[in-house]
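Asks: There's a structure below that I have some questions on.
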Amino acid sequence: MAIRVMLVDDQVLLRTGFRMVLAAQPDMEVVAEAGDGAEALEVLRSTRVDVVLMDVRMPRLDGVEATRQICGGEQGGRDGEGPRVLILTTFDLDEYAFAALKAGASGFMLKDVPPDELLGAIRAVHSGDAVVAPSTTRRLLDRFTPMLPSSSAPEQREVDKLTDREREVLLLVAQGLSNGEIAAKLVLSEATVKTHVGRILTKLGLRDRVQAVVLAYETGLVRAGG
C-alpha cells in the first residue's frame, strides 16, 4: 500500500513542490495538506495519514505543539498509533527542531534537502526508523541541552531499569554511533545491537532512537560536548 503523506506548511509554493516530488513515486500518495498546525489537527480527525511532513514556524499553532498532540496519541492512526512526524526546517540547529524532537517527532530535515534524501526519509519514518543523522542529533543537543531543566528523578529511575549492556549501548547511541559502529566497538553482531536498541526503547517507553538520545542527555548520562 502507498504511504499516505500529509504536507503541513504555511507556504503554498513549498507544499506544491513537495507534492510534485511525492506524486511521482509509486509508493507514496499525498492525501492531505494544511497551512498550519491547527488545520492539520482538524484534518487528521477525518483522514488517515502515515507520515506528516511538518513545518515548525507557522501561524496559529506551530509545528512543535501540533507534533506534541499528534505524537501524544490525540490523533488516531495505524493500529491505534498516531502518524509519524518528520520535521522540515529552514535552518540547521533550529531550537524549534529540538523542541519537536522532544515532542515526539521521528526526525528532522532541512527544506532544501535533495529529493532522493527526502523520499528515503519518508520511507524510513514510515517503517519505524528515525531519520536524524546521529551526528546531527548530537550537534543539536550539544547546543540546546544547557537550556534543559535539571534531570528529573523519575527519568533517572527509568534509565536504572536498563542492564549494564543496555546502558552501554544507550551511551554509544547518544554519542552519535550507528548500529554498525556500535557493533564493531562492542564486538557484537549488528542484529544484536538492533535487539538491544529495541529493548531500550521498550523499557524507556520511547518511540525511536532520537528520543533515546534526548533522554540520555536529560538524565545526564551524556553531557553536552562530551
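Quick note on naming: the chains in the C-alpha cells go A, B, ... in the order shown, residues restart at 1 in each chain, and ligands are numbered from 1 in order of appearance.
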So which residues touch Phe18 (chain A) within 12 Å, counting only C-alpha atoms, skipping near sequence neighbours fewer than 6 positions away, as a PyMOL selection string?

Replies: chain A and resi 5-9+11-12+24-25+28-30+33+53-54+88+111-116+118-119+122

Asks: Any chance you can output those residues with N, CA and C atoms as a tab-separated table (two decimals), in the first residue's frame?

Replies:
```
chain	number	residue	atom	x	y	z
A	5	VAL	N	0.78	10.47	2.89
A	5	VAL	CA	1.57	11.60	3.39
A	5	VAL	C	0.70	12.85	3.49
A	6	MET	N	0.93	13.62	4.55
A	6	MET	CA	0.28	14.91	4.72
A	6	MET	C	1.34	16.00	4.74
A	7	LEU	N	1.10	17.09	4.02
A	7	LEU	CA	2.02	18.23	3.96
A	7	LEU	C	1.47	19.36	4.82
A	8	VAL	N	2.28	19.83	5.78
A	8	VAL	CA	1.85	20.93	6.65
A	8	VAL	C	2.88	22.04	6.58
A	9	ASP	N	2.53	23.12	5.90
A	9	ASP	CA	3.44	24.25	5.73
A	9	ASP	C	2.60	25.45	5.33
A	11	GLN	N	3.56	27.87	3.53
A	11	GLN	CA	3.96	28.37	2.21
A	11	GLN	C	3.42	27.43	1.13
A	12	VAL	N	2.47	27.95	0.36
A	12	VAL	CA	1.80	27.14	-0.66
A	12	VAL	C	2.78	26.63	-1.71
A	24	ALA	N	5.23	11.64	-7.96
A	24	ALA	CA	5.95	10.85	-8.96
A	24	ALA	C	6.39	9.49	-8.43
A	25	GLN	N	6.14	9.23	-7.13
A	25	GLN	CA	6.58	7.98	-6.52
A	25	GLN	C	5.43	6.97	-6.49
A	28	MET	N	3.97	6.32	-2.82
A	28	MET	CA	3.57	7.44	-1.97
A	28	MET	C	2.34	8.15	-2.54
A	29	GLU	N	1.56	8.71	-1.63
A	29	GLU	CA	0.36	9.44	-2.02
A	29	GLU	C	0.14	10.60	-1.05
A	30	VAL	N	0.02	11.81	-1.58
A	30	VAL	CA	-0.30	12.96	-0.75
A	30	VAL	C	-1.81	12.98	-0.55
A	33	GLU	N	-3.33	18.26	2.98
A	33	GLU	CA	-2.43	19.39	3.17
A	33	GLU	C	-3.05	20.32	4.20
A	53	LEU	N	4.69	15.56	7.00
A	53	LEU	CA	5.83	16.45	6.80
A	53	LEU	C	5.45	17.79	7.41
A	54	MET	N	6.10	18.15	8.52
A	54	MET	CA	5.64	19.26	9.35
A	54	MET	C	6.64	20.41	9.39
A	88	LEU	N	10.40	19.52	8.99
A	88	LEU	CA	11.16	20.20	7.94
A	88	LEU	C	11.51	21.60	8.43
A	111	LYS	N	14.71	21.97	4.58
A	111	LYS	CA	13.76	22.08	3.47
A	111	LYS	C	14.43	22.00	2.11
A	112	ASP	N	15.72	22.29	2.04
A	112	ASP	CA	16.42	22.23	0.76
A	112	ASP	C	17.09	20.88	0.54
A	113	VAL	N	16.65	19.86	1.28
A	113	VAL	CA	17.23	18.53	1.14
A	113	VAL	C	16.99	18.01	-0.28
A	114	PRO	N	17.95	17.29	-0.87
A	114	PRO	CA	17.74	16.70	-2.20
A	114	PRO	C	16.52	15.78	-2.18
A	115	PRO	N	15.76	15.72	-3.28
A	115	PRO	CA	14.54	14.90	-3.33
A	115	PRO	C	14.77	13.45	-2.92
A	116	ASP	N	15.85	12.84	-3.36
A	116	ASP	CA	16.09	11.44	-3.03
A	116	ASP	C	16.22	11.23	-1.52
A	118	LEU	N	14.86	13.16	0.83
A	118	LEU	CA	13.54	13.37	1.42
A	118	LEU	C	12.69	12.11	1.28
A	119	LEU	N	12.70	11.51	0.07
A	119	LEU	CA	11.92	10.31	-0.17
A	119	LEU	C	12.41	9.16	0.71
A	122	ILE	N	11.14	9.71	4.27
A	122	ILE	CA	9.73	9.38	4.44
A	122	ILE	C	9.55	7.87	4.57
```

Asks: Given the choices A:Val43, A:Val31, A:Leu221, A:Met58, which gets closest to Arg4 (chain A) if the distance is worked out from only C-alpha atoms?

Replies: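 Of A:Val43, A:Val31, A:Leu221, A:Met58, the one nearest Arg4 (chain A) is A:Val31, counting only C-alpha atoms.
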
Asks: Could you check which of A:Val51, A:Val187, A:Val85, A:Ala216 is closest to Gly72 (chain A), using only C-alpha atoms?

Replies: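 Answer, going by the shortest atom-to-atom distance: A:Val85.
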
Asks: Using only C-alpha atoms, pick whichever of A:Gly63, A:Pro26, A:Gly35, A:Gly17 has the shortest atom-to-atom distance to Ala99 (chain A).

Replies: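 Smallest distance to Ala99 (chain A) is found for A:Gly63.
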
Asks: What is the distance between CA of Thr192 (chain A) and CA of Leu206 (chain A), in Å to one decimal?

Replies: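 These two atoms are separated by 19.0 Å.
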